[in-house]
>>> print(open('upload_37.cif').read())   # mmCIF, C-alpha atoms
data_structure
#
loop_
_atom_site.group_PDB
_atom_site.id
_atom_site.type_symbol
_atom_site.label_atom_id
_atom_site.label_comp_id
_atom_site.auth_asym_id
_atom_site.auth_seq_id
_atom_site.Cartn_x
_atom_site.Cartn_y
_atom_site.Cartn_z
ATOM 1 C CA MET V 1325 109.593 95.063 164.521
ATOM 2 C CA SER V 1326 108.454 94.098 161.043
ATOM 3 C CA SER V 1327 110.952 92.747 158.575
ATOM 4 C CA SER V 1328 110.341 95.690 156.227
ATOM 5 C CA ALA V 1329 111.860 98.071 158.772
ATOM 6 C CA VAL V 1330 115.087 96.116 159.195
ATOM 7 C CA ARG V 1331 118.012 97.710 157.405
ATOM 8 C CA PRO V 1332 120.379 95.537 155.369
ATOM 9 C CA VAL V 1333 123.527 94.317 157.050
ATOM 10 C CA ILE V 1334 126.517 96.453 156.070
ATOM 11 C CA PRO V 1335 129.782 94.510 155.741
ATOM 12 C CA ASP V 1336 132.703 95.524 157.945
ATOM 13 C CA ASP V 1337 135.401 97.641 156.332
ATOM 14 C CA GLU V 1338 137.833 94.739 156.214
ATOM 15 C CA ASP V 1339 135.356 92.762 154.118
ATOM 16 C CA GLN V 1340 135.129 95.501 151.482
ATOM 17 C CA PRO V 1341 137.170 94.985 148.306
ATOM 18 C CA ALA V 1342 140.020 97.425 147.762
ATOM 19 C CA ARG V 1343 139.368 100.201 145.263
ATOM 20 C CA ILE V 1344 140.829 99.328 141.901
ATOM 21 C CA PRO V 1345 141.926 102.417 139.936
ATOM 22 C CA ALA V 1346 141.631 100.669 136.595
ATOM 23 C CA HIS V 1347 139.502 101.068 133.493
ATOM 24 C CA TYR V 1348 137.316 98.175 134.571
ATOM 25 C CA ARG V 1349 135.782 98.441 138.041
ATOM 26 C CA ALA V 1350 135.325 95.221 139.983
ATOM 27 C CA ILE V 1351 131.801 94.758 141.343
ATOM 28 C CA SER V 1352 132.364 91.224 142.556
ATOM 29 C CA THR V 1353 134.794 88.372 141.950
ATOM 30 C CA HIS V 1354 133.029 87.536 138.681
ATOM 31 C CA LEU V 1355 131.599 90.839 137.446
ATOM 32 C CA ALA V 1356 133.117 94.135 136.275
ATOM 33 C CA ILE V 1357 131.905 97.212 134.417
ATOM 34 C CA ALA V 1358 133.598 99.776 132.183
ATOM 35 C CA PRO V 1359 131.357 102.883 132.540
ATOM 36 C CA ARG V 1360 132.346 105.328 135.275
ATOM 37 C CA VAL V 1361 129.578 105.804 137.851
ATOM 38 C CA SER V 1362 129.062 109.141 139.601
ATOM 39 C CA VAL V 1363 126.832 109.370 142.675
ATOM 40 C CA VAL V 1364 125.214 112.750 143.403
ATOM 41 C CA ILE V 1365 124.126 113.448 146.983
ATOM 42 C CA PRO V 1366 122.357 116.750 147.716
ATOM 43 C CA ALA V 1367 122.798 117.537 151.413
ATOM 44 C CA MET V 1368 121.983 120.277 153.892
ATOM 45 C CA ASN V 1369 122.797 119.673 157.559
ATOM 46 C CA GLU V 1370 123.048 115.898 157.133
ATOM 47 C CA ALA V 1371 126.272 115.290 159.069
ATOM 48 C CA GLU V 1372 124.621 112.712 161.346
ATOM 49 C CA ASN V 1373 123.200 110.739 158.418
ATOM 50 C CA LEU V 1374 126.207 110.711 156.106
ATOM 51 C CA PRO V 1375 128.099 107.931 157.928
ATOM 52 C CA TYR V 1376 125.340 105.434 157.063
ATOM 53 C CA VAL V 1377 124.911 106.809 153.523
ATOM 54 C CA PHE V 1378 128.613 106.514 152.705
ATOM 55 C CA LYS V 1379 128.876 103.130 154.437
ATOM 56 C CA THR V 1380 126.454 101.621 151.944
ATOM 57 C CA LEU V 1381 128.063 103.067 148.800
ATOM 58 C CA PRO V 1382 129.887 100.475 146.660
ATOM 59 C CA GLU V 1383 133.652 100.791 146.572
ATOM 60 C CA TRP V 1384 133.718 100.503 142.796
ATOM 61 C CA ILE V 1385 131.934 103.781 142.010
ATOM 62 C CA HIS V 1386 133.986 106.375 140.160
ATOM 63 C CA GLU V 1387 133.155 109.446 142.260
ATOM 64 C CA VAL V 1388 130.850 110.921 144.877
ATOM 65 C CA VAL V 1389 129.600 114.457 144.279
ATOM 66 C CA LEU V 1390 128.207 116.084 147.414
ATOM 67 C CA VAL V 1391 126.176 119.232 146.811
ATOM 68 C CA ASP V 1392 126.224 121.261 150.004
ATOM 69 C CA GLY V 1393 123.163 123.459 150.500
ATOM 70 C CA ASN V 1394 124.876 125.949 152.822
ATOM 71 C CA SER V 1395 124.991 123.543 155.762
ATOM 72 C CA THR V 1396 125.478 125.043 159.217
ATOM 73 C CA ASP V 1397 126.748 121.775 160.710
ATOM 74 C CA ASN V 1398 129.883 119.853 159.701
ATOM 75 C CA THR V 1399 128.329 118.066 156.730
ATOM 76 C CA VAL V 1400 131.265 118.837 154.433
ATOM 77 C CA GLU V 1401 133.913 117.846 156.965
ATOM 78 C CA VAL V 1402 132.171 114.548 157.702
ATOM 79 C CA ALA V 1403 131.863 113.775 153.976
ATOM 80 C CA ARG V 1404 135.566 114.399 153.401
ATOM 81 C CA GLU V 1405 136.497 112.226 156.358
ATOM 82 C CA LEU V 1406 134.313 109.365 155.161
ATOM 83 C CA TRP V 1407 135.277 109.600 151.474
ATOM 84 C CA PRO V 1408 138.519 111.594 151.029
ATOM 85 C CA GLU V 1409 138.104 111.898 147.251
ATOM 86 C CA VAL V 1410 134.577 113.338 147.518
ATOM 87 C CA VAL V 1411 133.834 116.241 145.166
ATOM 88 C CA VAL V 1412 132.144 118.972 147.207
ATOM 89 C CA VAL V 1413 130.102 121.502 145.236
ATOM 90 C CA PRO V 1414 128.498 124.499 146.969
ATOM 91 C CA GLN V 1415 124.863 125.159 146.110
ATOM 92 C CA HIS V 1416 124.210 128.807 145.332
ATOM 93 C CA GLY V 1417 120.467 128.459 144.757
ATOM 94 C CA LYS V 1418 117.768 126.780 146.838
ATOM 95 C CA GLY V 1419 115.738 123.581 146.599
ATOM 96 C CA LYS V 1420 116.392 119.940 145.781
ATOM 97 C CA GLY V 1421 115.997 120.425 142.055
ATOM 98 C CA ASP V 1422 118.578 123.191 142.026
ATOM 99 C CA ALA V 1423 120.939 121.026 144.089
ATOM 100 C CA LEU V 1424 120.640 118.061 141.742
ATOM 101 C CA ILE V 1425 121.158 120.173 138.616
ATOM 102 C CA THR V 1426 124.273 121.651 140.250
ATOM 103 C CA GLY V 1427 125.531 118.167 141.074
ATOM 104 C CA PHE V 1428 124.845 116.772 137.609
ATOM 105 C CA GLU V 1429 126.930 119.533 136.043
ATOM 106 C CA ALA V 1430 129.880 118.593 138.261
ATOM 107 C CA CYS V 1431 129.822 114.870 137.409
ATOM 108 C CA SER V 1432 132.526 113.321 135.240
ATOM 109 C CA GLY V 1433 131.038 109.813 135.072
ATOM 110 C CA ASP V 1434 129.225 108.091 132.220
ATOM 111 C CA ILE V 1435 126.402 107.016 134.549
ATOM 112 C CA ILE V 1436 124.866 109.307 137.161
ATOM 113 C CA VAL V 1437 123.067 108.025 140.257
ATOM 114 C CA MET V 1438 121.044 110.341 142.515
ATOM 115 C CA VAL V 1439 120.830 109.371 146.193
ATOM 116 C CA ASP V 1440 119.254 111.189 149.153
ATOM 117 C CA ALA V 1441 121.444 112.105 152.127
ATOM 118 C CA ASP V 1442 118.974 111.198 154.877
ATOM 119 C CA GLY V 1443 119.870 107.503 155.077
ATOM 120 C CA SER V 1444 116.587 106.340 153.550
ATOM 121 C CA ALA V 1445 118.252 104.766 150.507
ATOM 122 C CA ASP V 1446 120.429 101.664 150.440
ATOM 123 C CA GLY V 1447 123.538 102.312 148.357
ATOM 124 C CA GLN V 1448 123.955 98.595 147.788
ATOM 125 C CA GLU V 1449 121.014 98.804 145.388
ATOM 126 C CA ILE V 1450 123.124 100.868 142.984
ATOM 127 C CA VAL V 1451 124.339 97.680 141.313
ATOM 128 C CA SER V 1452 120.747 96.941 140.217
ATOM 129 C CA TYR V 1453 120.404 100.390 138.654
ATOM 130 C CA VAL V 1454 123.738 100.163 136.873
ATOM 131 C CA SER V 1455 122.962 96.646 135.649
ATOM 132 C CA ALA V 1456 119.742 97.902 134.041
ATOM 133 C CA LEU V 1457 121.620 100.697 132.283
ATOM 134 C CA VAL V 1458 124.457 98.569 130.923
ATOM 135 C CA SER V 1459 121.807 96.084 129.752
ATOM 136 C CA GLY V 1460 120.180 98.680 127.501
ATOM 137 C CA ALA V 1461 118.044 101.092 129.531
ATOM 138 C CA ASP V 1462 118.589 104.842 129.289
ATOM 139 C CA PHE V 1463 116.979 105.656 132.622
ATOM 140 C CA ALA V 1464 116.717 103.362 135.657
ATOM 141 C CA LYS V 1465 113.866 104.569 137.822
ATOM 142 C CA GLY V 1466 113.548 103.469 141.428
ATOM 143 C CA SER V 1467 110.125 102.294 142.570
ATOM 144 C CA ARG V 1468 108.905 101.604 146.080
ATOM 145 C CA PHE V 1469 105.762 99.955 144.696
ATOM 146 C CA ALA V 1470 107.223 97.639 142.073
ATOM 147 C CA ASN V 1471 107.371 93.967 143.034
ATOM 148 C CA GLY V 1472 110.235 93.685 145.507
ATOM 149 C CA GLY V 1473 110.200 97.330 146.582
ATOM 150 C CA GLY V 1474 108.801 98.878 149.748
ATOM 151 C CA THR V 1475 108.705 101.912 152.011
ATOM 152 C CA ASP V 1476 108.818 102.556 155.755
ATOM 153 C CA ASP V 1477 108.513 106.318 155.349
ATOM 154 C CA MET V 1478 105.201 107.148 153.656
ATOM 155 C CA THR V 1479 101.981 108.093 155.402
ATOM 156 C CA PRO V 1480 98.671 106.845 153.933
ATOM 157 C CA ILE V 1481 97.878 110.330 152.602
ATOM 158 C CA ARG V 1482 101.251 110.529 150.843
ATOM 159 C CA LYS V 1483 100.756 107.065 149.341
ATOM 160 C CA LEU V 1484 97.341 108.117 148.063
ATOM 161 C CA GLY V 1485 98.724 111.338 146.620
ATOM 162 C CA ASN V 1486 101.619 109.559 144.935
ATOM 163 C CA TRP V 1487 99.238 106.991 143.439
ATOM 164 C CA ALA V 1488 96.884 109.688 142.135
ATOM 165 C CA LEU V 1489 99.648 111.775 140.570
ATOM 166 C CA CYS V 1490 101.281 108.661 139.114
ATOM 167 C CA SER V 1491 97.956 107.658 137.537
ATOM 168 C CA VAL V 1492 97.607 111.089 135.924
ATOM 169 C CA VAL V 1493 101.120 110.911 134.447
ATOM 170 C CA ASN V 1494 100.523 107.394 133.116
ATOM 171 C CA ALA V 1495 97.238 108.459 131.506
ATOM 172 C CA LYS V 1496 98.477 111.735 130.035
ATOM 173 C CA PHE V 1497 101.951 110.743 128.867
ATOM 174 C CA GLY V 1498 101.617 107.031 128.101
ATOM 175 C CA ALA V 1499 103.917 105.940 130.920
ATOM 176 C CA ARG V 1500 103.584 102.751 132.964
ATOM 177 C CA TYR V 1501 105.076 103.860 136.251
ATOM 178 C CA THR V 1502 104.274 102.307 139.613
ATOM 179 C CA ASP V 1503 105.914 105.174 141.526
ATOM 180 C CA LEU V 1504 106.309 108.847 140.658
ATOM 181 C CA CYS V 1505 107.793 110.924 143.470
ATOM 182 C CA TYR V 1506 110.925 108.982 144.397
ATOM 183 C CA GLY V 1507 114.434 110.377 144.334
ATOM 184 C CA TYR V 1508 116.518 107.236 143.812
ATOM 185 C CA ASN V 1509 117.264 107.076 140.084
ATOM 186 C CA ALA V 1510 120.161 106.500 137.693
ATOM 187 C CA PHE V 1511 120.742 107.381 134.059
ATOM 188 C CA TRP V 1512 123.298 107.741 131.298
ATOM 189 C CA ARG V 1513 124.784 111.230 131.059
ATOM 190 C CA HIS V 1514 123.319 111.767 127.564
ATOM 191 C CA CYS V 1515 119.834 111.862 129.082
ATOM 192 C CA LEU V 1516 120.528 115.307 130.536
ATOM 193 C CA ASP V 1517 120.685 116.794 127.045
ATOM 194 C CA GLU V 1518 117.260 115.398 126.227
ATOM 195 C CA ILE V 1519 115.323 116.267 129.388
ATOM 196 C CA ASP V 1520 116.747 119.768 130.045
ATOM 197 C CA LEU V 1521 115.842 120.145 133.727
ATOM 198 C CA ASP V 1522 114.630 123.590 134.806
ATOM 199 C CA CYS V 1523 112.956 123.322 138.224
ATOM 200 C CA THR V 1524 114.202 123.941 141.741
ATOM 201 C CA GLY V 1525 112.073 121.962 144.212
ATOM 202 C CA PHE V 1526 111.042 118.414 145.120
ATOM 203 C CA GLU V 1527 109.055 118.248 141.875
ATOM 204 C CA VAL V 1528 112.329 117.577 140.039
ATOM 205 C CA GLU V 1529 111.803 113.788 140.175
ATOM 206 C CA THR V 1530 108.393 114.103 138.548
ATOM 207 C CA LEU V 1531 109.763 116.400 135.850
ATOM 208 C CA MET V 1532 112.531 113.910 135.068
ATOM 209 C CA ASN V 1533 110.075 111.014 134.879
ATOM 210 C CA ILE V 1534 107.795 112.898 132.501
ATOM 211 C CA ARG V 1535 110.509 114.188 130.227
ATOM 212 C CA VAL V 1536 112.289 110.864 129.776
ATOM 213 C CA VAL V 1537 108.985 109.472 128.509
ATOM 214 C CA LYS V 1538 108.393 112.459 126.239
ATOM 215 C CA ALA V 1539 111.924 112.078 124.871
ATOM 216 C CA GLY V 1540 111.260 108.442 123.984
ATOM 217 C CA LEU V 1541 114.017 107.146 126.261
ATOM 218 C CA LYS V 1542 114.001 103.532 127.427
ATOM 219 C CA VAL V 1543 112.994 103.428 131.104
ATOM 220 C CA GLN V 1544 113.290 100.443 133.441
ATOM 221 C CA GLU V 1545 111.855 100.476 136.942
ATOM 222 C CA ILE V 1546 114.058 99.120 139.731
ATOM 223 C CA PRO V 1547 112.412 97.777 142.916
ATOM 224 C CA SER V 1548 113.786 99.802 145.808
ATOM 225 C CA HIS V 1549 113.192 99.915 149.548
ATOM 226 C CA GLU V 1550 112.880 103.280 151.275
ATOM 227 C CA TYR V 1551 113.866 103.308 154.938
ATOM 228 C CA LEU V 1552 113.042 105.841 157.616
ATOM 229 C CA ARG V 1553 115.167 108.966 157.781
ATOM 230 C CA ILE V 1554 117.788 108.289 160.466
ATOM 231 C CA HIS V 1555 118.205 111.764 161.975
ATOM 232 C CA GLY V 1556 116.496 115.114 161.540
ATOM 233 C CA ALA V 1557 113.282 116.111 159.799
ATOM 234 C CA SER V 1558 112.477 116.198 156.103
ATOM 235 C CA ASN V 1559 111.795 119.481 154.320
ATOM 236 C CA LEU V 1560 109.112 117.735 152.256
ATOM 237 C CA ARG V 1561 105.572 119.067 152.778
ATOM 238 C CA ALA V 1562 102.919 116.751 151.348
ATOM 239 C CA VAL V 1563 100.304 119.347 150.348
ATOM 240 C CA ARG V 1564 102.658 122.125 149.270
ATOM 241 C CA ASP V 1565 104.961 119.883 147.258
ATOM 242 C CA GLY V 1566 102.066 117.787 145.935
ATOM 243 C CA LEU V 1567 100.606 120.944 144.405
ATOM 244 C CA ARG V 1568 103.967 121.799 142.882
ATOM 245 C CA VAL V 1569 104.119 118.332 141.340
ATOM 246 C CA LEU V 1570 100.607 118.738 139.922
ATOM 247 C CA LYS V 1571 101.588 122.116 138.486
ATOM 248 C CA VAL V 1572 104.546 120.506 136.705
ATOM 249 C CA ILE V 1573 102.325 117.768 135.265
ATOM 250 C CA LEU V 1574 99.817 120.292 133.912
ATOM 251 C CA ALA V 1575 102.562 122.507 132.492
ATOM 252 C CA GLU V 1576 104.240 119.598 130.708
ATOM 253 C CA ARG V 1577 100.880 118.481 129.315
ATOM 254 C CA SER V 1578 100.176 122.001 128.025
ATOM 255 C CA ASN V 1579 103.623 122.217 126.431
ATOM 256 C CA ARG V 1580 103.044 118.903 124.694
ATOM 257 C CA ARG V 1581 99.762 120.108 123.223
ATOM 258 C CA ALA V 1582 101.324 123.394 122.127
ATOM 259 C CA ARG V 1583 104.096 121.613 120.256
ATOM 260 C CA ARG V 1584 101.589 119.360 118.505
ATOM 261 C CA ARG V 1585 99.607 122.395 117.306
ATOM 262 C CA ALA V 1586 102.781 124.151 116.157
ATOM 263 C CA THR V 1587 104.058 121.139 114.179
ATOM 264 C CA PRO V 1588 102.511 120.712 110.690
ATOM 265 C CA SER V 1589 101.148 117.263 110.031
ATOM 266 C CA ARG V 1590 102.982 114.943 107.704
ATOM 267 C CA LEU V 1591 100.097 115.104 105.261
ATOM 268 C CA ASN V 1592 100.259 118.899 105.081
ATOM 269 C CA LEU V 1593 103.987 118.802 104.482
ATOM 270 C CA VAL V 1594 103.532 116.459 101.528
ATOM 271 C CA ARG V 1595 100.813 118.591 100.003
ATOM 272 C CA GLY V 1596 102.840 121.741 100.506
ATOM 273 C CA ASP V 1597 105.646 120.334 98.407
ATOM 274 C CA GLY V 1598 103.274 120.006 95.481
ATOM 275 C CA SER V 1599 104.304 116.420 94.931
#
>>> encode(input="upload_37.cif", output="structure tokens")
Amino acid sequence: MSSSAVRPVIPDDEDQPARIPAHYRAISTHLAIAPRVSVVIPAMNEAENLPYVFKTLPEWIHEVVLVDGNSTDNTVEVARELWPEVVVVPQHGKGKGDALITGFEACSGDIIVMVDADGSADGQEIVSYVSALVSGADFAKGSRFANGGGTDDMTPIRKLGNWALCSVVNAKFGARYTDLCYGYNAFWRHCLDEIDLDCTGFEVETLMNIRVVKAGLKVQEIPSHEYLRIHGASNLRAVRDGLRVLKVILAERSNRRARRRATPSRLNLVRGDGS
């Protein structure tokens, strides 16, 4: 087995620090943070995967918001057993984008982290995302292709598609991303007011990445390792969802051009004043 496929060692429960219900949350013996961190986990029939997901979450986070997409297994019961204070929000719509938007609305934290429920993400990486935000970034974007990142769960065709779509976004919107379609991200709550999410499917990550750039927000990429889904099958379909991502890119590009045409130039405004 290659080293890239080996999951990080998870400390035993007795080694975990006790939760400290104070204004400052202890991250380690020498580091603490003030902002409250909410973790949003969209889940549908992920009962078998949640034990690993919750096991990796840091004890110092403020809250976990689980968005249940009408699960037919015991996803909700397992979540409540693993994290008694979990906030469970039912999803009334469909799709990952709809689930995340629902979860974001339920968060009470200053920082919001989005994590998949399939066990592919390592919750211990959250400290890197939060560190980037408290150091000045508005949006901490996970990347499997930044130096130090990696993936065990992408086929060659998906890697090629992600690279192609990422290249288009970089060229059209002036971004410098190394990864586009990845769902492990974190951001300050104020970002939601500036990106105004309005999509329902897997293209939500792409829409977020485009709109944070268009809004002029400070983005920092965080190297992240994506592991194989532990149980079950993903609802992601490379061709179908790739086309949806491309549609979002083209729509955002068209909207950008339309706004430029609708906005008078600075020169015209000066001349119109007659001064």
>>> resolve_selection(input="upload_37.cif", expression="the PyMOL selection byres ((chain V and resi 1454) around 12)", output="JSON, numbers by chain")
{"V": [1351, 1356, 1357, 1358, 1359, 1360, 1361, 1362, 1363, 1382, 1384, 1385, 1434, 1435, 1436, 1437, 1438, 1447, 1448, 1449, 1450, 1451, 1452, 1453, 1455, 1456, 1457, 1458, 1459, 1460, 1461, 1462, 1463, 1464, 1465, 1466, 1509, 1510, 1511, 1512, 1544, 1545, 1546]}
>>> resolve_selection(input="upload_37.cif", expression="the PyMOL selection byres ((chain V and resi 1497-1500) around 8)", output="PDB file with C-alpha atoms, in the frame of the given file")
ATOM      1  CA  VAL V1493     101.120 110.911 134.447  1.00  0.00           C
ATOM      2  CA  ASN V1494     100.523 107.394 133.116  1.00  0.00           C
ATOM      3  CA  ALA V1495      97.238 108.459 131.506  1.00  0.00           C
ATOM      4  CA  LYS V1496      98.477 111.735 130.035  1.00  0.00           C
ATOM      5  CA  TYR V1501     105.076 103.860 136.251  1.00  0.00           C
ATOM      6  CA  THR V1502     104.274 102.307 139.613  1.00  0.00           C
ATOM      7  CA  ILE V1534     107.795 112.898 132.501  1.00  0.00           C
ATOM      8  CA  VAL V1537     108.985 109.472 128.509  1.00  0.00           C
ATOM      9  CA  LYS V1538     108.393 112.459 126.239  1.00  0.00           C
ATOM     10  CA  ARG V1577     100.880 118.481 129.315  1.00  0.00           C
TER      11      ARG V1577
END
>>> closest_residue(input="upload_37.cif", among="V:Leu1390, V:Leu1355, V:Val1536, V:Ala1445", to="Ile1425 in chain V", atoms="all atoms listed in the file")
V:Leu1390
>>> residues_around(input="upload_37.cif", residues="Cys1505 in chain V", least_positions_apart="2", cutoff="10 Å", atoms="all atoms listed in the file", output="JSON, numbers by chain")
{"V": [1466, 1467, 1468, 1482, 1483, 1485, 1486, 1487, 1489, 1490, 1503, 1507, 1508, 1526, 1527, 1528, 1529, 1530, 1531, 1533, 1566, 1569]}
>>> atom_distance(input="upload_37.cif", atom1="CA of Met1532 in chain V", atom2="CA of Arg1568 in chain V")
14.0 Å
>>> closest_residue(input="upload_37.cif", among="V:Pro1547, V:Pro1366, V:Gly1540, V:Gly1472", to="Asp1442 in chain V", atoms="all atoms listed in the file")
V:Pro1366
>>> atom_distance(input="upload_37.cif", atom1="CA of Leu1521 in chain V", atom2="CA of Val1543 in chain V")
17.2 Å
>>> residues_around(input="upload_37.cif", residues="Ala1367 in chain V", least_positions_apart="2", cutoff="10 Å", atoms="all atoms listed in the file", output="ChimeraX atom specification")
/V:1364-1365,1369-1371,1373-1374,1390-1395,1399-1400,1415,1420,1423-1424,1439-1442
>>> residues_around(input="upload_37.cif", residues="range 1401-1411 of chain V", least_positions_apart="2", cutoff="6 Å", atoms="all atoms listed in the file", output="list in words")
Val1388, Val1389, Asn1398 and Thr1399 of chain V
>>> atom_distance(input="upload_37.cif", atom1="CA of Ala1488 in chain V", atom2="CA of Ile1519 in chain V")
23.4 Å
>>> decode(input="upload_37.cif", residues="range 1391-1448 of chain V", atoms="C-alpha atoms", output="mmCIF file, in the first residue's frame")
data_model
loop_
_atom_site.group_PDB
_atom_site.id
_atom_site.type_symbol
_atom_site.label_atom_id
_atom_site.label_comp_id
_atom_site.auth_asym_id
_atom_site.auth_seq_id
_atom_site.Cartn_x
_atom_site.Cartn_y
_atom_site.Cartn_z
ATOM 1 C CA VAL V 1391 -27.757 18.653 7.375
ATOM 2 C CA ASP V 1392 -29.771 15.485 6.900
ATOM 3 C CA GLY V 1393 -30.898 14.876 3.322
ATOM 4 C CA ASN V 1394 -33.856 12.656 4.245
ATOM 5 C CA SER V 1395 -31.678 9.701 5.229
ATOM 6 C CA THR V 1396 -33.334 6.285 5.348
ATOM 7 C CA ASP V 1397 -30.670 4.817 7.646
ATOM 8 C CA ASN V 1398 -29.816 5.944 11.187
ATOM 9 C CA THR V 1399 -27.561 8.827 10.166
ATOM 10 C CA VAL V 1400 -29.168 11.257 12.616
ATOM 11 C CA GLU V 1401 -29.123 8.834 15.536
ATOM 12 C CA VAL V 1402 -25.462 7.990 14.959
ATOM 13 C CA ALA V 1403 -24.545 11.691 14.769
ATOM 14 C CA ARG V 1404 -26.295 12.433 18.059
ATOM 15 C CA GLU V 1405 -24.597 9.499 19.743
ATOM 16 C CA LEU V 1406 -21.166 10.572 18.534
ATOM 17 C CA TRP V 1407 -21.608 14.300 19.232
ATOM 18 C CA PRO V 1408 -24.513 14.905 21.654
ATOM 19 C CA GLU V 1409 -24.583 18.664 21.020
ATOM 20 C CA VAL V 1410 -24.840 18.257 17.232
ATOM 21 C CA VAL V 1411 -27.304 20.602 15.516
ATOM 22 C CA VAL V 1412 -29.407 18.516 13.128
ATOM 23 C CA VAL V 1413 -31.115 20.420 10.315
ATOM 24 C CA PRO V 1414 -33.491 18.647 7.912
ATOM 25 C CA GLN V 1415 -32.947 19.353 4.224
ATOM 26 C CA HIS V 1416 -36.182 20.137 2.421
ATOM 27 C CA GLY V 1417 -34.656 20.545 -1.039
ATOM 28 C CA LYS V 1418 -32.258 18.331 -2.984
ATOM 29 C CA GLY V 1419 -28.576 18.450 -3.903
ATOM 30 C CA LYS V 1420 -25.311 19.260 -2.161
ATOM 31 C CA GLY V 1421 -25.560 22.970 -2.833
ATOM 32 C CA ASP V 1422 -28.999 23.139 -1.264
ATOM 33 C CA ALA V 1423 -27.740 21.161 1.739
ATOM 34 C CA LEU V 1424 -24.779 23.463 2.305
ATOM 35 C CA ILE V 1425 -26.874 26.629 2.006
ATOM 36 C CA THR V 1426 -29.298 25.148 4.552
ATOM 37 C CA GLY V 1427 -26.411 24.345 6.881
ATOM 38 C CA PHE V 1428 -24.791 27.763 6.539
ATOM 39 C CA GLU V 1429 -28.032 29.446 7.580
ATOM 40 C CA ALA V 1430 -28.125 27.350 10.758
ATOM 41 C CA CYS V 1431 -24.557 28.163 11.851
ATOM 42 C CA SER V 1432 -23.892 30.433 14.821
ATOM 43 C CA GLY V 1433 -20.091 30.501 14.516
ATOM 44 C CA ASP V 1434 -17.819 33.255 13.235
ATOM 45 C CA ILE V 1435 -15.959 30.794 10.989
ATOM 46 C CA ILE V 1436 -17.708 28.139 8.908
ATOM 47 C CA VAL V 1437 -15.994 24.956 7.728
ATOM 48 C CA MET V 1438 -17.603 22.633 5.164
ATOM 49 C CA VAL V 1439 -16.700 18.940 5.410
ATOM 50 C CA ASP V 1440 -17.994 15.932 3.454
ATOM 51 C CA ALA V 1441 -19.624 13.066 5.354
ATOM 52 C CA ASP V 1442 -18.046 10.202 3.405
ATOM 53 C CA GLY V 1443 -14.830 10.005 5.433
ATOM 54 C CA SER V 1444 -12.653 11.376 2.633
ATOM 55 C CA ALA V 1445 -11.617 14.473 4.592
ATOM 56 C CA ASP V 1446 -9.362 14.605 7.636
ATOM 57 C CA GLY V 1447 -10.912 16.828 10.296
ATOM 58 C CA GLN V 1448 -7.505 17.379 11.848
#
